[in-house]
>>> print(open('work_25.tsv').read())   # TSV, C-alpha atoms
chain	number	residue	atom	x	y	z
A	2	MET	CA	-16.20	-8.12	-52.00
A	3	PRO	CA	-17.41	-11.77	-51.76
A	4	LEU	CA	-17.51	-13.54	-48.40
A	5	ALA	CA	-16.82	-17.14	-47.35
A	6	LEU	CA	-18.78	-18.54	-44.40
A	7	SER	CA	-17.63	-21.32	-42.09
A	8	LEU	CA	-19.86	-22.73	-39.35
A	9	GLY	CA	-18.64	-25.10	-36.64
A	10	LYS	CA	-15.69	-27.45	-36.27
A	11	PHE	CA	-16.93	-30.52	-38.18
A	12	TYR	CA	-18.13	-29.10	-41.50
A	13	GLY	CA	-21.11	-27.62	-39.68
A	14	ILE	CA	-22.30	-30.99	-38.27
A	15	ASP	CA	-21.82	-29.78	-34.69
A	16	SER	CA	-23.71	-26.58	-35.48
A	17	LEU	CA	-26.54	-28.63	-37.01
A	18	ILE	CA	-26.73	-30.64	-33.76
A	19	GLU	CA	-26.80	-27.37	-31.81
A	20	ILE	CA	-29.64	-26.04	-33.99
A	21	LEU	CA	-31.60	-29.20	-33.13
A	22	MET	CA	-30.83	-28.61	-29.44
A	23	ILE	CA	-32.12	-25.04	-29.76
A	24	ILE	CA	-35.40	-26.35	-31.20
A	25	VAL	CA	-35.68	-29.10	-28.57
A	26	SER	CA	-34.90	-26.67	-25.71
A	27	PHE	CA	-37.52	-24.20	-26.92
A	28	ILE	CA	-40.11	-26.99	-27.14
A	29	ILE	CA	-39.23	-28.20	-23.61
A	30	SER	CA	-39.62	-24.62	-22.38
A	31	TYR	CA	-42.97	-24.33	-24.17
A	32	TYR	CA	-44.36	-27.60	-22.76
A	33	SER	CA	-43.13	-26.78	-19.27
A	34	ASN	CA	-44.96	-23.46	-19.44
A	35	LYS	CA	-48.09	-25.30	-20.61
A	36	VAL	CA	-47.86	-27.61	-17.58
A	37	TYR	CA	-47.44	-24.56	-15.33
A	38	ARG	CA	-50.67	-23.09	-16.72
A	39	LEU	CA	-52.46	-26.35	-15.92
A	40	VAL	CA	-51.20	-26.99	-12.37
A	41	LYS	CA	-49.98	-23.51	-11.31
A	42	ASN	CA	-46.78	-24.99	-9.82
A	43	LYS	CA	-44.07	-22.30	-10.07
A	44	ASN	CA	-41.35	-24.95	-10.44
A	45	TYR	CA	-42.62	-25.70	-13.94
A	46	ARG	CA	-42.38	-22.02	-14.85
A	47	LEU	CA	-38.80	-21.91	-13.52
A	48	PHE	CA	-38.08	-25.10	-15.49
A	49	SER	CA	-39.43	-23.28	-18.55
A	50	PHE	CA	-37.13	-20.29	-17.91
A	51	ALA	CA	-34.16	-22.65	-17.45
A	52	PHE	CA	-34.58	-24.25	-20.88
A	53	LEU	CA	-35.33	-20.92	-22.48
A	54	ALA	CA	-31.92	-19.74	-21.20
A	55	ILE	CA	-30.31	-22.96	-22.50
A	56	ALA	CA	-31.91	-22.49	-25.94
A	57	ILE	CA	-30.60	-18.91	-26.11
A	58	SER	CA	-27.16	-20.12	-25.02
A	59	PHE	CA	-26.89	-22.46	-28.04
A	60	ILE	CA	-27.73	-19.56	-30.37
A	61	PHE	CA	-24.71	-17.71	-29.00
A	62	LYS	CA	-22.60	-20.88	-29.21
A	63	ILE	CA	-23.31	-21.15	-32.93
A	64	LEU	CA	-22.35	-17.48	-33.33
A	65	SER	CA	-19.12	-18.12	-31.39
A	66	ASN	CA	-18.14	-20.78	-33.94
A	67	LEU	CA	-19.05	-18.62	-36.91
A	68	THR	CA	-16.21	-17.57	-39.18
A	69	ILE	CA	-16.64	-15.04	-41.98
A	70	LEU	CA	-13.78	-14.49	-44.39
A	71	HIS	CA	-13.22	-11.88	-47.09
A	72	LYS	CA	-12.35	-13.20	-50.51
A	73	VAL	CA	-9.86	-10.76	-52.00
A	74	ASN	CA	-8.81	-11.20	-55.61
A	75	VAL	CA	-5.22	-10.17	-56.30
A	76	HIS	CA	-4.03	-9.83	-59.90
A	77	VAL	CA	-0.32	-10.40	-60.36
A	78	ALA	CA	1.14	-10.54	-63.86
A	79	ASN	CA	-2.08	-11.86	-65.43
A	80	PHE	CA	-2.43	-14.51	-62.70
A	81	MET	CA	-5.24	-14.21	-60.20
A	82	LEU	CA	-4.76	-15.19	-56.55
A	83	VAL	CA	-7.55	-15.49	-54.00
A	84	VAL	CA	-6.57	-14.32	-50.53
A	85	LEU	CA	-8.81	-15.01	-47.55
A	86	THR	CA	-8.75	-12.55	-44.67
A	87	GLU	CA	-10.91	-12.76	-41.56
A	88	PHE	CA	-13.84	-10.38	-41.25
A	89	GLU	CA	-12.63	-7.33	-39.33
A	90	SER	CA	-14.78	-7.68	-36.16
A	91	MET	CA	-15.22	-11.46	-36.20
A	92	GLU	CA	-12.88	-12.22	-33.30
A	93	VAL	CA	-14.73	-9.77	-31.03
A	94	ILE	CA	-18.11	-11.23	-32.07
A	95	ASN	CA	-16.84	-14.78	-31.40
A	96	PHE	CA	-15.48	-13.84	-27.98
A	97	ILE	CA	-18.62	-12.02	-26.79
A	98	SER	CA	-20.85	-14.81	-28.15
A	99	LEU	CA	-18.78	-17.42	-26.31
A	100	ILE	CA	-19.11	-15.55	-23.00
A	101	LEU	CA	-22.87	-15.16	-23.51
A	102	TYR	CA	-23.17	-18.87	-24.39
A	103	LYS	CA	-21.43	-19.88	-21.17
A	104	SER	CA	-23.46	-17.39	-19.12
A	105	PHE	CA	-26.91	-18.45	-20.39
A	106	TYR	CA	-26.01	-22.16	-20.35
A	107	LEU	CA	-24.77	-22.02	-16.76
A	108	ILE	CA	-27.77	-19.91	-15.69
A	109	GLY	CA	-30.11	-22.52	-17.16
A	110	PHE	CA	-28.64	-25.41	-15.18
A	111	LEU	CA	-28.18	-23.26	-12.10
A	112	ILE	CA	-31.95	-22.59	-12.14
A	113	LEU	CA	-32.53	-26.36	-12.27
A	114	PHE	CA	-30.11	-26.76	-9.35
A	115	LEU	CA	-32.01	-24.13	-7.33
A	116	ILE	CA	-35.35	-25.83	-8.11
A	117	LEU	CA	-34.10	-29.22	-6.94
A	118	THR	CA	-32.46	-27.86	-3.78
A	119	LYS	CA	-35.54	-25.67	-3.11
A	120	THR	CA	-33.24	-22.71	-2.52
A	121	SER	CA	-35.26	-19.52	-2.02
A	122	ASN	CA	-32.88	-17.56	0.22
A	123	ARG	CA	-31.75	-14.49	-1.75
A	124	GLU	CA	-28.28	-14.45	-0.20
A	125	LYS	CA	-27.66	-18.07	-1.24
A	126	ILE	CA	-29.01	-17.46	-4.75
A	127	PHE	CA	-26.73	-14.41	-5.10
A	128	LEU	CA	-23.76	-16.47	-3.88
A	129	PHE	CA	-24.41	-19.24	-6.43
A	130	PHE	CA	-24.67	-16.74	-9.29
A	131	TYR	CA	-21.54	-14.91	-8.07
A	132	LEU	CA	-19.53	-18.15	-8.00
A	133	SER	CA	-20.86	-19.01	-11.47
A	134	LEU	CA	-19.71	-15.60	-12.74
A	135	ILE	CA	-16.22	-16.26	-11.35
A	136	ALA	CA	-16.18	-19.66	-13.07
A	137	ILE	CA	-17.11	-18.03	-16.39
A	138	LEU	CA	-14.39	-15.38	-16.02
A	139	PHE	CA	-11.74	-18.00	-15.20
A	140	SER	CA	-12.92	-20.12	-18.13
A	141	ILE	CA	-11.78	-17.36	-20.50
A	142	TYR	CA	-8.24	-18.56	-19.79
A	143	PHE	CA	-8.95	-22.15	-18.67
A	144	ASP	CA	-11.95	-23.53	-20.55
A	145	PHE	CA	-12.07	-26.75	-18.50
A	146	ILE	CA	-13.20	-24.73	-15.43
A	147	PHE	CA	-16.51	-24.03	-17.17
A	148	HIS	CA	-17.03	-27.73	-17.84
A	149	LEU	CA	-15.94	-28.75	-14.34
A	150	THR	CA	-18.46	-26.32	-12.84
A	151	LEU	CA	-21.21	-27.82	-14.98
A	152	ILE	CA	-20.11	-31.37	-14.12
A	153	PHE	CA	-20.40	-30.52	-10.42
A	154	ILE	CA	-23.96	-29.19	-10.92
A	155	LEU	CA	-24.99	-32.02	-13.27
A	156	VAL	CA	-23.59	-34.82	-11.08
A	157	PHE	CA	-25.56	-33.43	-8.15
A	158	LEU	CA	-28.72	-33.30	-10.28
A	159	THR	CA	-28.08	-36.79	-11.68
A	160	TYR	CA	-27.61	-38.28	-8.21
A	161	ASN	CA	-30.88	-36.77	-6.95
A	162	PHE	CA	-32.79	-37.88	-10.04
A	163	PHE	CA	-31.33	-41.39	-9.59
A	164	ILE	CA	-32.70	-41.47	-6.03
A	165	ASN	CA	-36.04	-40.24	-7.39
A	166	TYR	CA	-36.03	-43.05	-9.99
A	167	ASN	CA	-35.26	-45.69	-7.34
A	168	GLU	CA	-38.22	-44.48	-5.30
A	169	ARG	CA	-40.74	-44.21	-8.14
A	170	LYS	CA	-39.54	-46.74	-10.75
A	171	SER	CA	-41.45	-44.86	-13.47
A	172	VAL	CA	-40.58	-44.21	-17.12
A	173	ASN	CA	-40.64	-40.45	-16.54
A	174	ALA	CA	-38.23	-40.68	-13.61
A	175	PHE	CA	-35.87	-42.88	-15.65
A	176	LEU	CA	-35.91	-40.50	-18.64
A	177	VAL	CA	-34.91	-37.55	-16.43
A	178	PHE	CA	-32.17	-39.54	-14.67
A	179	PHE	CA	-30.79	-40.91	-17.96
A	180	ALA	CA	-30.89	-37.44	-19.59
A	181	PHE	CA	-28.85	-35.81	-16.83
A	182	LEU	CA	-26.44	-38.76	-16.75
A	183	LEU	CA	-25.72	-38.18	-20.45
A	184	LEU	CA	-25.38	-34.43	-19.92
A	185	SER	CA	-22.86	-35.08	-17.13
A	186	ILE	CA	-20.82	-37.45	-19.30
A	187	ASP	CA	-20.78	-35.18	-22.34
A	188	HIS	CA	-18.88	-32.46	-20.46
A	189	LEU	CA	-16.16	-35.00	-19.71
A	190	PHE	CA	-15.82	-35.45	-23.48
A	191	PHE	CA	-15.62	-31.67	-23.92
A	192	ILE	CA	-12.75	-31.52	-21.38
A	193	LEU	CA	-10.90	-34.33	-23.23
A	194	GLU	CA	-11.48	-32.94	-26.74
A	195	ASP	CA	-7.84	-31.71	-26.90
A	196	PHE	CA	-6.75	-35.36	-27.10
A	197	SER	CA	-9.04	-36.05	-30.05
A	198	PRO	CA	-11.44	-33.60	-31.76
A	199	ILE	CA	-13.94	-36.42	-32.38
A	200	LEU	CA	-14.62	-36.48	-28.62
A	201	TYR	CA	-16.20	-33.03	-29.00
A	202	LEU	CA	-18.63	-34.36	-31.60
A	203	ILE	CA	-19.47	-37.38	-29.39
A	204	GLY	CA	-20.19	-34.97	-26.54
A	205	GLU	CA	-22.54	-32.96	-28.79
A	206	ILE	CA	-24.43	-36.13	-29.76
A	207	LEU	CA	-24.79	-37.18	-26.11
A	208	SER	CA	-26.14	-33.70	-25.31
A	209	LEU	CA	-28.75	-33.99	-28.05
A	210	ILE	CA	-29.88	-37.43	-26.83
A	211	GLY	CA	-30.12	-36.07	-23.28
A	212	PHE	CA	-32.27	-33.14	-24.38
A	213	LEU	CA	-34.49	-35.45	-26.45
A	214	CYS	CA	-35.06	-37.62	-23.35
A	215	LEU	CA	-36.11	-34.51	-21.41
A	216	LEU	CA	-38.42	-33.49	-24.26
A	217	VAL	CA	-40.16	-36.89	-24.27
A	218	ASN	CA	-40.53	-36.66	-20.49
A	219	GLN	CA	-42.00	-33.15	-20.70
A	220	ILE	CA	-44.50	-34.17	-23.38
A	221	LYS	CA	-45.57	-37.15	-21.27
A	222	ILE	CA	-46.02	-34.93	-18.18
A	223	LYS	CA	-48.03	-32.39	-20.18
A	224	ASN	CA	-50.34	-35.09	-21.56
A	225	GLU	CA	-50.78	-36.67	-18.11
A	226	LYS	CA	-51.61	-33.32	-16.48
A	227	THR	CA	-54.00	-32.40	-19.32
A	228	ASN	CA	-55.84	-35.73	-19.01
A	229	LYS	CA	-56.04	-35.33	-15.23
A	230	VAL	CA	-57.49	-31.81	-15.50
A	231	ARG	CA	-60.05	-32.98	-18.08
A	232	SER	CA	-60.97	-35.95	-15.89
A	233	ASN	CA	-61.51	-33.66	-12.88
A	234	LYS	CA	-63.69	-31.33	-14.96
A	235	ARG	CA	-65.85	-34.24	-16.11
A	236	TYR	CA	-66.11	-35.48	-12.53
A	237	PHE	CA	-67.34	-32.10	-11.21
A	238	ARG	CA	-69.76	-31.74	-14.13
A	239	ASN	CA	-71.28	-35.13	-13.26
A	240	ILE	CA	-71.60	-34.12	-9.61
A	241	LYS	CA	-73.44	-30.94	-10.57
A	242	ARG	CA	-75.86	-32.91	-12.76
A	243	LYS	CA	-76.67	-35.19	-9.85
>>> encode(input="work_25.tsv", output="structure tokens")
Amino acid sequence: MPLALSLGKFYGIDSLIEILMIIVSFIISYYSNKVYRLVKNKNYRLFSFAFLAIAISFIFKILSNLTILHKVNVHVANFMLVVLTEFESMEVINFISLILYKSFYLIGFLILFLILTKTSNREKIFLFFYLSLIAILFSIYFDFIFHLTLIFILVFLTYNFFINYNERKSVNAFLVFFAFLLLSIDHLFFILEDFSPILYLIGEILSLIGFLCLLVNQIKIKNEKTNKVRSNKRYFRNIKRK
């Protein structure tokens, strides 16, 4: 029995963007872990875990948009009709994948929120994750709650990164601020997608640009830290020679 495969809402364009975001998120996670190995700052390891969770979330998002149909040939009086019926367990797979996408995506940004707020109290961390779980459960019936929760987290992060940029006036600080600004805006587009489906695609593009900005920032940080470590090693070698 032949199968027909459908991926995403815009002829697979949105899923292609999400595949790129998976790759970018994995690379960000990888570079952040490299920086952690250089400077031994646990925040970089947590940052790595955050983007690993985000990368995994997009894998589940692609699965949630996946549609597999049976092609059934029906012969009626020498005429052949092709009937498409949905794969038996596809709705269950889509639903579970969607929940896992929301869970991993929210966990990723919640970790970033905890890093920025320097929250280490276990009770507070448990409370944040509990409230996030409630938001995910409510989003099963009201999808905008998921996006509103993320907007709240992202606006807080954007505001703090804006303050950081004003204090430092560096390219790295601007890239982080601009990335989180785009990520905050894109969820507004996701909320408004019911008015026009193209808004969903615009939101996906903004997300990709935001992640690319974070990738450039992470590569720059990794190179800066590597050069600094090498410079320190040369300095100590010269001291020993003297």
>>> atom_distance(input="work_25.tsv", atom1="atom CA of A:Lys35", atom2="atom CA of A:Leu207")
26.7 Å
>>> closest_residue(input="work_25.tsv", among="A:Thr150, A:Ser98, A:Asn173, A:Asn224", to="A:Ile137", atoms="all atoms listed in the file")
A:Thr150
>>> atom_distance(input="work_25.tsv", atom1="atom CA of A:Ser133", atom2="atom CA of A:Tyr166")
28.5 Å
>>> closest_residue(input="work_25.tsv", among="A:Phe110, A:Tyr31, A:Phe50, A:Tyr201", to="A:Leu151", atoms="only C-alpha atoms")
A:Phe110
>>> atom_distance(input="work_25.tsv", atom1="atom CA of A:Ile18", atom2="atom CA of A:Ile186")
17.0 Å
>>> closest_atom_pairs(input="work_25.tsv", of="stretch 173-231 of chain A", to="stretch 40-46 of chain A", cutoff="12 Å", atoms="all atoms listed in the file", output="Markdown table")
| residue | atom | partner | partner_atom | distance |
| --- | --- | --- | --- | --- |
| A:Gln219 | CA | A:Tyr45 | CA | 10.1 |
| A:Ile222 | CA | A:Tyr45 | CA | 10.7 |
| A:Lys223 | CA | A:Val40 | CA | 10.0 |
| A:Glu225 | CA | A:Val40 | CA | 11.3 |
| A:Lys226 | CA | A:Val40 | CA | 7.6 |
| A:Thr227 | CA | A:Val40 | CA | 9.2 |
| A:Asn228 | CA | A:Val40 | CA | 11.9 |
| A:Lys229 | CA | A:Val40 | CA | 10.1 |
| A:Val230 | CA | A:Val40 | CA | 8.5 |
>>> closest_residue(input="work_25.tsv", among="A:Val177, A:Leu184, A:Ile116, A:Ile192", to="A:Leu149", atoms="only C-alpha atoms")
A:Ile192
>>> closest_residue(input="work_25.tsv", among="A:Ile63, A:Ile24, A:Ala51, A:Leu158", to="A:Phe96", atoms="only C-alpha atoms")
A:Ile63
>>> closest_residue(input="work_25.tsv", among="A:Ile108, A:Val172, A:Leu189, A:Val156", to="A:Gly204", atoms="all atoms listed in the file")
A:Leu189
>>> closest_residue(input="work_25.tsv", among="A:Phe153, A:Leu132, A:Leu111, A:Phe175", to="A:Phe48", atoms="only C-alpha atoms")
A:Leu111
>>> residues_around(input="work_25.tsv", residues="A:Ser208", least_positions_apart="3", cutoff="8 Å", atoms="all atoms listed in the file", output="ChimeraX atom specification")
/A:183-184,187,204-205,211-212
>>> axis_aligned_box(input="work_25.tsv", around="stretch 44-53 of chain A", padding_each_side="8 Å", output="lines of an AutoDock Vina configuration file")
center_x = -38.4
center_y = -23.0
center_z = -16.5
size_x = 24.5
size_y = 21.4
size_z = 28.0
>>> residues_near_point(input="work_25.tsv", point="(-29.1, -44.6, -14.4)", cutoff="10 Å", atoms="only C-alpha atoms", output="mmCIF file with C-alpha atoms, in the frame of the given file")
data_model
loop_
_atom_site.group_PDB
_atom_site.id
_atom_site.type_symbol
_atom_site.label_atom_id
_atom_site.label_comp_id
_atom_site.auth_asym_id
_atom_site.auth_seq_id
_atom_site.Cartn_x
_atom_site.Cartn_y
_atom_site.Cartn_z
ATOM 1 C CA THR A 159 -28.080 -36.790 -11.680
ATOM 2 C CA TYR A 160 -27.610 -38.280 -8.210
ATOM 3 C CA PHE A 162 -32.790 -37.880 -10.040
ATOM 4 C CA PHE A 163 -31.330 -41.390 -9.590
ATOM 5 C CA ILE A 164 -32.700 -41.470 -6.030
ATOM 6 C CA TYR A 166 -36.030 -43.050 -9.990
ATOM 7 C CA ASN A 167 -35.260 -45.690 -7.340
ATOM 8 C CA ALA A 174 -38.230 -40.680 -13.610
ATOM 9 C CA PHE A 175 -35.870 -42.880 -15.650
ATOM 10 C CA LEU A 176 -35.910 -40.500 -18.640
ATOM 11 C CA VAL A 177 -34.910 -37.550 -16.430
ATOM 12 C CA PHE A 178 -32.170 -39.540 -14.670
ATOM 13 C CA PHE A 179 -30.790 -40.910 -17.960
ATOM 14 C CA ALA A 180 -30.890 -37.440 -19.590
ATOM 15 C CA PHE A 181 -28.850 -35.810 -16.830
ATOM 16 C CA LEU A 182 -26.440 -38.760 -16.750
ATOM 17 C CA LEU A 183 -25.720 -38.180 -20.450
#
